[in-house]
>>> print(open('model-v6.txt').read())   # compact mmCIF, C-alpha atoms
# COMPACT_ATOMS: atom_id res chain seq x y z
CA ASN A 1 79.27 22.07 -29.70
CA LEU A 2 79.10 25.60 -31.07
CA MET A 3 79.27 24.35 -34.66
CA THR A 4 76.12 22.22 -34.41
CA HIS A 5 74.43 24.17 -31.58
CA GLU A 6 74.01 20.97 -29.58
CA ALA A 7 74.99 20.40 -25.97
CA ILE A 8 77.95 18.03 -25.55
CA THR A 9 76.75 16.69 -22.21
CA LYS A 10 74.31 17.36 -19.42
CA ILE A 11 75.46 17.30 -15.79
CA PRO A 12 72.65 16.64 -13.31
CA LEU A 13 72.89 18.92 -10.28
CA ASP A 14 71.46 16.23 -7.99
CA VAL A 15 68.35 14.16 -7.86
CA GLY A 16 65.50 15.82 -6.01
CA ARG A 17 66.80 19.40 -6.09
CA ARG A 18 64.09 21.91 -6.88
CA GLY A 19 66.29 24.90 -7.67
CA THR A 20 67.51 26.03 -11.03
CA PRO A 21 70.98 27.55 -11.60
CA SER A 22 71.09 31.30 -11.04
CA CYS A 23 74.85 31.97 -10.84
CA LEU A 24 77.94 30.08 -12.08
CA MET A 25 81.63 30.44 -11.25
CA LEU A 26 84.30 28.40 -13.02
CA ARG A 27 87.62 27.85 -11.27
CA ALA A 28 90.26 29.00 -13.75
CA GLN A 29 92.71 26.22 -12.87
CA GLY A 30 91.02 22.90 -12.36
CA SER A 31 87.74 21.31 -13.15
CA PHE A 32 85.41 22.74 -10.50
CA ILE A 33 82.42 24.95 -11.12
CA ALA A 34 80.31 26.48 -8.36
CA VAL A 35 76.59 26.71 -9.08
CA SER A 36 74.14 28.75 -7.03
CA LEU A 37 70.60 27.42 -7.23
CA ASP A 38 67.62 29.74 -6.81
CA ASP A 39 66.36 27.58 -3.90
CA GLY A 40 69.36 28.68 -1.80
CA ASN A 41 71.61 25.68 -2.33
CA LEU A 42 75.18 25.98 -3.52
CA VAL A 43 76.72 23.02 -5.32
CA VAL A 44 80.25 22.37 -6.55
CA VAL A 45 80.50 20.27 -9.69
CA ASP A 46 83.54 18.37 -10.97
CA LEU A 47 83.46 18.85 -14.74
CA HIS A 48 85.79 15.90 -15.40
CA GLY A 49 83.76 13.51 -13.24
CA ARG A 50 80.51 15.17 -14.37
CA CYS A 51 78.99 15.04 -10.89
CA VAL A 52 78.24 17.13 -7.81
CA VAL A 53 81.11 16.81 -5.31
CA ARG A 54 79.95 19.26 -2.61
CA SER A 55 76.63 20.78 -1.60
CA PHE A 56 75.95 23.58 0.88
CA GLU A 57 72.63 24.96 2.13
CA CYS A 58 72.73 28.77 2.18
CA ASN A 59 68.94 29.36 2.40
CA VAL A 60 69.32 32.24 -0.09
CA PRO A 61 70.85 32.22 -3.58
CA ALA A 62 74.33 33.61 -4.21
CA MET A 63 74.88 36.73 -6.32
CA ASP A 64 78.62 36.24 -6.71
CA MET A 65 81.12 33.50 -5.91
CA ALA A 66 84.89 33.12 -5.97
CA PHE A 67 87.37 30.30 -5.50
CA SER A 68 90.60 30.90 -3.61
CA ALA A 69 93.71 30.60 -5.80
CA GLU A 70 94.55 27.08 -4.60
CA GLY A 71 90.89 26.02 -4.87
CA ARG A 72 90.53 25.12 -1.20
CA TRP A 73 87.91 27.76 -0.33
CA LEU A 74 84.75 29.01 -1.99
CA GLY A 75 83.37 32.41 -1.04
CA ALA A 76 79.75 33.31 -1.76
CA VAL A 77 77.99 36.69 -1.54
CA LEU A 78 74.33 35.95 -0.84
CA ARG A 79 71.27 37.88 -2.00
CA ASP A 80 70.49 38.83 1.60
CA GLY A 81 73.83 40.70 1.68
CA GLY A 82 75.67 38.09 3.70
CA LEU A 83 78.94 36.40 2.88
CA ARG A 84 80.00 32.82 3.55
CA ILE A 85 83.34 31.07 3.18
CA TYR A 86 83.36 27.30 2.64
CA ASP A 87 86.29 24.91 3.03
CA LEU A 88 85.80 22.48 0.12
CA PRO A 89 87.96 19.54 1.34
CA ALA A 90 86.30 19.72 4.77
CA ALA A 91 82.84 20.25 3.20
CA ARG A 92 81.84 22.88 5.75
CA CYS A 93 81.29 26.57 6.33
CA ILE A 94 84.28 28.17 8.09
CA ASP A 95 83.12 31.81 8.22
CA SER A 96 79.86 33.73 7.89
CA PHE A 97 79.17 37.48 7.85
CA ALA A 98 76.13 39.75 7.72
CA PHE A 99 76.79 43.34 6.65
CA ALA A 100 74.71 46.46 7.31
CA ARG A 101 75.61 47.52 3.76
CA PRO A 102 75.09 44.33 1.75
CA ALA A 103 78.07 42.77 0.03
CA LEU A 104 77.70 42.69 -3.76
CA SER A 105 80.83 40.96 -5.01
CA LEU A 106 84.04 39.34 -3.81
CA CYS A 107 87.39 37.94 -4.90
CA PHE A 108 90.34 36.32 -3.21
CA ALA A 109 93.83 37.80 -3.55
CA PRO A 110 96.12 35.39 -5.45
CA SER A 111 98.24 34.90 -2.31
CA GLY A 112 95.20 33.89 -0.23
CA ALA A 113 96.14 36.51 2.37
CA PHE A 114 93.19 38.80 1.65
CA LEU A 115 89.55 38.78 0.60
CA LEU A 116 88.23 41.79 -1.32
CA THR A 117 84.57 42.83 -1.26
CA SER A 118 82.39 45.59 -2.65
CA HIS A 119 79.24 46.77 -0.90
CA ALA A 120 75.96 48.52 -1.69
CA LYS A 121 76.07 52.31 -1.49
CA GLY A 122 79.84 52.27 -1.30
CA ASN A 123 82.50 53.54 -3.64
CA SER A 124 85.44 51.52 -2.38
CA ILE A 125 86.79 48.00 -2.22
CA GLN A 126 87.07 46.55 1.28
CA THR A 127 90.15 44.47 2.11
CA TRP A 128 89.82 41.76 4.75
CA ALA A 129 92.83 39.94 6.20
CA ASN A 130 92.68 36.15 6.28
CA LYS A 131 92.38 35.38 9.98
CA PHE A 132 93.40 31.78 9.38
CA LEU A 133 96.71 33.01 7.98
CA PHE A 134 97.47 35.86 10.39
CA ASP A 135 96.06 34.58 13.72
CA PRO A 136 98.01 31.55 15.00
CA SER A 137 95.14 30.55 17.31
CA GLN A 138 92.93 30.07 14.22
CA SER A 139 95.46 28.57 11.84
CA VAL A 140 93.56 25.30 11.31
CA PRO A 141 89.95 26.10 10.24
CA MET A 142 88.89 22.46 10.48
CA LEU A 143 89.58 22.49 14.23
CA GLN A 144 87.31 25.48 14.76
CA SER A 145 83.60 25.00 15.32
CA GLU A 146 81.31 25.77 12.40
CA PRO A 147 79.81 29.28 12.75
CA GLY A 148 76.33 29.17 14.27
CA ALA A 149 75.31 32.71 13.35
CA PRO A 150 76.89 35.25 11.02
CA ILE A 151 79.29 37.81 12.45
CA ARG A 152 77.47 41.16 12.19
CA ILE A 153 79.48 44.00 10.67
CA ASP A 154 77.76 47.38 10.83
CA GLU A 155 80.00 49.37 8.52
CA PRO A 156 82.55 47.71 6.27
CA GLY A 157 85.78 49.64 6.62
CA GLY A 158 84.56 51.62 9.63
CA GLY A 159 83.73 54.71 7.56
CA ALA A 160 87.18 54.87 5.96
CA GLU A 161 85.65 56.34 2.80
CA SER A 162 85.08 59.67 4.53
CA ASP A 163 88.22 59.61 6.69
CA SER A 164 90.77 61.87 5.04
CA ASP A 165 93.47 60.68 7.49
CA ASN A 166 93.28 57.13 6.14
CA GLU A 167 96.43 56.59 4.07
CA GLU A 168 96.06 55.07 0.63
CA GLY A 169 96.76 51.34 0.72
CA GLU A 170 96.25 51.06 4.48
CA LEU A 171 94.62 47.79 5.46
CA GLU A 172 91.33 47.65 7.29
CA GLU A 173 91.36 47.27 11.06
CA ASN A 174 89.09 44.22 10.91
CA THR A 175 91.15 41.03 10.67
CA SER A 176 88.20 38.74 10.03
CA LYS A 177 87.78 36.96 6.75
>>> encode(input="model-v6.txt", output="structure tokens")
Amino acid sequence: NLMTHEAITKIPLDVGRRGTPSCLMLRAQGSFIAVSLDDGNLVVVDLHGRCVVRSFECNVPAMDMAFSAEGRWLGAVLRDGGLRIYDLPAARCIDSFAFARPALSLCFAPSGAFLLTSHAKGNSIQTWANKFLFDPSQSVPMLQSEPGAPIRIDEPGGGAESDSDNEEGELEENTSK
């Protein structure tokens, strides 16, 4: 309560967790909040139920997180520069990336068709097509195996920042999400 300067409630992030919250992301529509713990765990909390509903082990804390518009996916940019996408209803990782130029932030397009990222030492926003939407062979993420190792991406955008032939608004060649 801001009038009395007292907390209204306290939501435990799980018994036995050592980490403390280092990053929070509230889903604008709904009652979920994503919490990155400094021990490398990522938890999703239901504010109405006041409990942890999902937990993911990232091994490194997240710097930024974003929910997809419909709330099905949670993207997390990790402190090691990687990026992971989690399917919340399935409670599993559906995509994992490691960039040569570390990712710093991300957001989902409202349509869910694209993921936008920014990267260290870059002056552009990278646009990634949602492979689960555009590739019929991958249209059901739950039927795909969980990624074992991150997909390595040497240069986000393939050097498009210095390519004067690249038309404004042109989508990236990479169709991974």
>>> atom_distance(input="model-v6.txt", atom1="atom CA of Pro110 of chain A", atom2="atom CA of Arg84 of chain A")
18.6 Å
>>> residues_around(input="model-v6.txt", residues="Val60 of chain A", least_positions_apart="3", cutoff="8 Å", atoms="all atoms listed in the file", output="compact mmCIF listing (two decimals) with C-alpha atoms, keeping the file's coordinate frame")
# COMPACT_ATOMS: atom_id res chain seq x y z
CA ASP A 38 67.62 29.74 -6.81
CA ASP A 39 66.36 27.58 -3.90
CA GLY A 40 69.36 28.68 -1.80
CA ASN A 41 71.61 25.68 -2.33
CA LEU A 78 74.33 35.95 -0.84
CA ARG A 79 71.27 37.88 -2.00
CA ASP A 80 70.49 38.83 1.60
>>> atom_distance(input="model-v6.txt", atom1="atom CA of Ala109 of chain A", atom2="atom CA of Asp46 of chain A")
23.2 Å
>>> atom_distance(input="model-v6.txt", atom1="atom CA of Thr127 of chain A", atom2="atom CA of Met25 of chain A")
21.2 Å
>>> residues_around(input="model-v6.txt", residues="Phe67 of chain A", least_positions_apart="6", cutoff="12 Å", atoms="all atoms listed in the file", output="JSON list (two decimals) with C-alpha atoms, in the frame of the given file")
[["chain", "number", "residue", "atom", "x", "y", "z"],
["A", 24, "LEU", "CA", 77.94, 30.08, -12.08],
["A", 25, "MET", "CA", 81.63, 30.44, -11.25],
["A", 26, "LEU", "CA", 84.30, 28.40, -13.02],
["A", 27, "ARG", "CA", 87.62, 27.85, -11.27],
["A", 28, "ALA", "CA", 90.26, 29.00, -13.75],
["A", 29, "GLN", "CA", 92.71, 26.22, -12.87],
["A", 30, "GLY", "CA", 91.02, 22.90, -12.36],
["A", 31, "SER", "CA", 87.74, 21.31, -13.15],
["A", 32, "PHE", "CA", 85.41, 22.74, -10.50],
["A", 33, "ILE", "CA", 82.42, 24.95, -11.12],
["A", 34, "ALA", "CA", 80.31, 26.48, -8.36],
["A", 35, "VAL", "CA", 76.59, 26.71, -9.08],
["A", 44, "VAL", "CA", 80.25, 22.37, -6.55],
["A", 73, "TRP", "CA", 87.91, 27.76, -0.33],
["A", 74, "LEU", "CA", 84.75, 29.01, -1.99],
["A", 75, "GLY", "CA", 83.37, 32.41, -1.04],
["A", 76, "ALA", "CA", 79.75, 33.31, -1.76],
["A", 84, "ARG", "CA", 80.00, 32.82, 3.55],
["A", 85, "ILE", "CA", 83.34, 31.07, 3.18],
["A", 86, "TYR", "CA", 83.36, 27.30, 2.64],
["A", 87, "ASP", "CA", 86.29, 24.91, 3.03],
["A", 88, "LEU", "CA", 85.80, 22.48, 0.12],
["A", 106, "LEU", "CA", 84.04, 39.34, -3.81],
["A", 107, "CYS", "CA", 87.39, 37.94, -4.90],
["A", 108, "PHE", "CA", 90.34, 36.32, -3.21],
["A", 109, "ALA", "CA", 93.83, 37.80, -3.55],
["A", 110, "PRO", "CA", 96.12, 35.39, -5.45],
["A", 112, "GLY", "CA", 95.20, 33.89, -0.23],
["A", 115, "LEU", "CA", 89.55, 38.78, 0.60]]
>>> closest_residue(input="model-v6.txt", among="A:Arg50, A:Ile125, A:Phe99, A:Phe114", to="Asp154 of chain A", atoms="all atoms listed in the file")
A:Phe99
>>> residues_around(input="model-v6.txt", residues="Thr9 of chain A", least_positions_apart="3", cutoff="12 Å", atoms="all atoms listed in the file", output="VMD selection string")
chain A and resid 1 6 12 47 to 51
>>> closest_residue(input="model-v6.txt", among="A:Arg18, A:Gly122, A:Val43, A:Ser96", to="Gly82 of chain A", atoms="all atoms listed in the file")
A:Ser96
>>> axis_aligned_box(input="model-v6.txt", around="segment 61-69 of chain A", padding_each_side="6 Å", output="AutoDock Vina command-line options")
--center_x 82.3 --center_y 33.5 --center_z -5.1 --size_x 34.9 --size_y 18.4 --size_z 15.1
>>> closest_residue(input="model-v6.txt", among="A:Ala120, A:Leu104, A:Ala69, A:Ala91", to="Phe56 of chain A", atoms="all atoms listed in the file")
A:Ala91
>>> closest_residue(input="model-v6.txt", among="A:Val52, A:Leu42, A:Ala103, A:Ala129", to="Ile11 of chain A", atoms="only C-alpha atoms")
A:Val52
>>> closest_residue(input="model-v6.txt", among="A:Arg92, A:Ala7, A:Ala98, A:Val45", to="Ala149 of chain A", atoms="all atoms listed in the file")
A:Ala98
>>> residues_near_point(input="model-v6.txt", point="(77.1, 33.6, -9.1)", cutoff="6 Å", atoms="all atoms listed in the file", output="VMD selection string")
chain A and resid 23 to 25 62 to 65
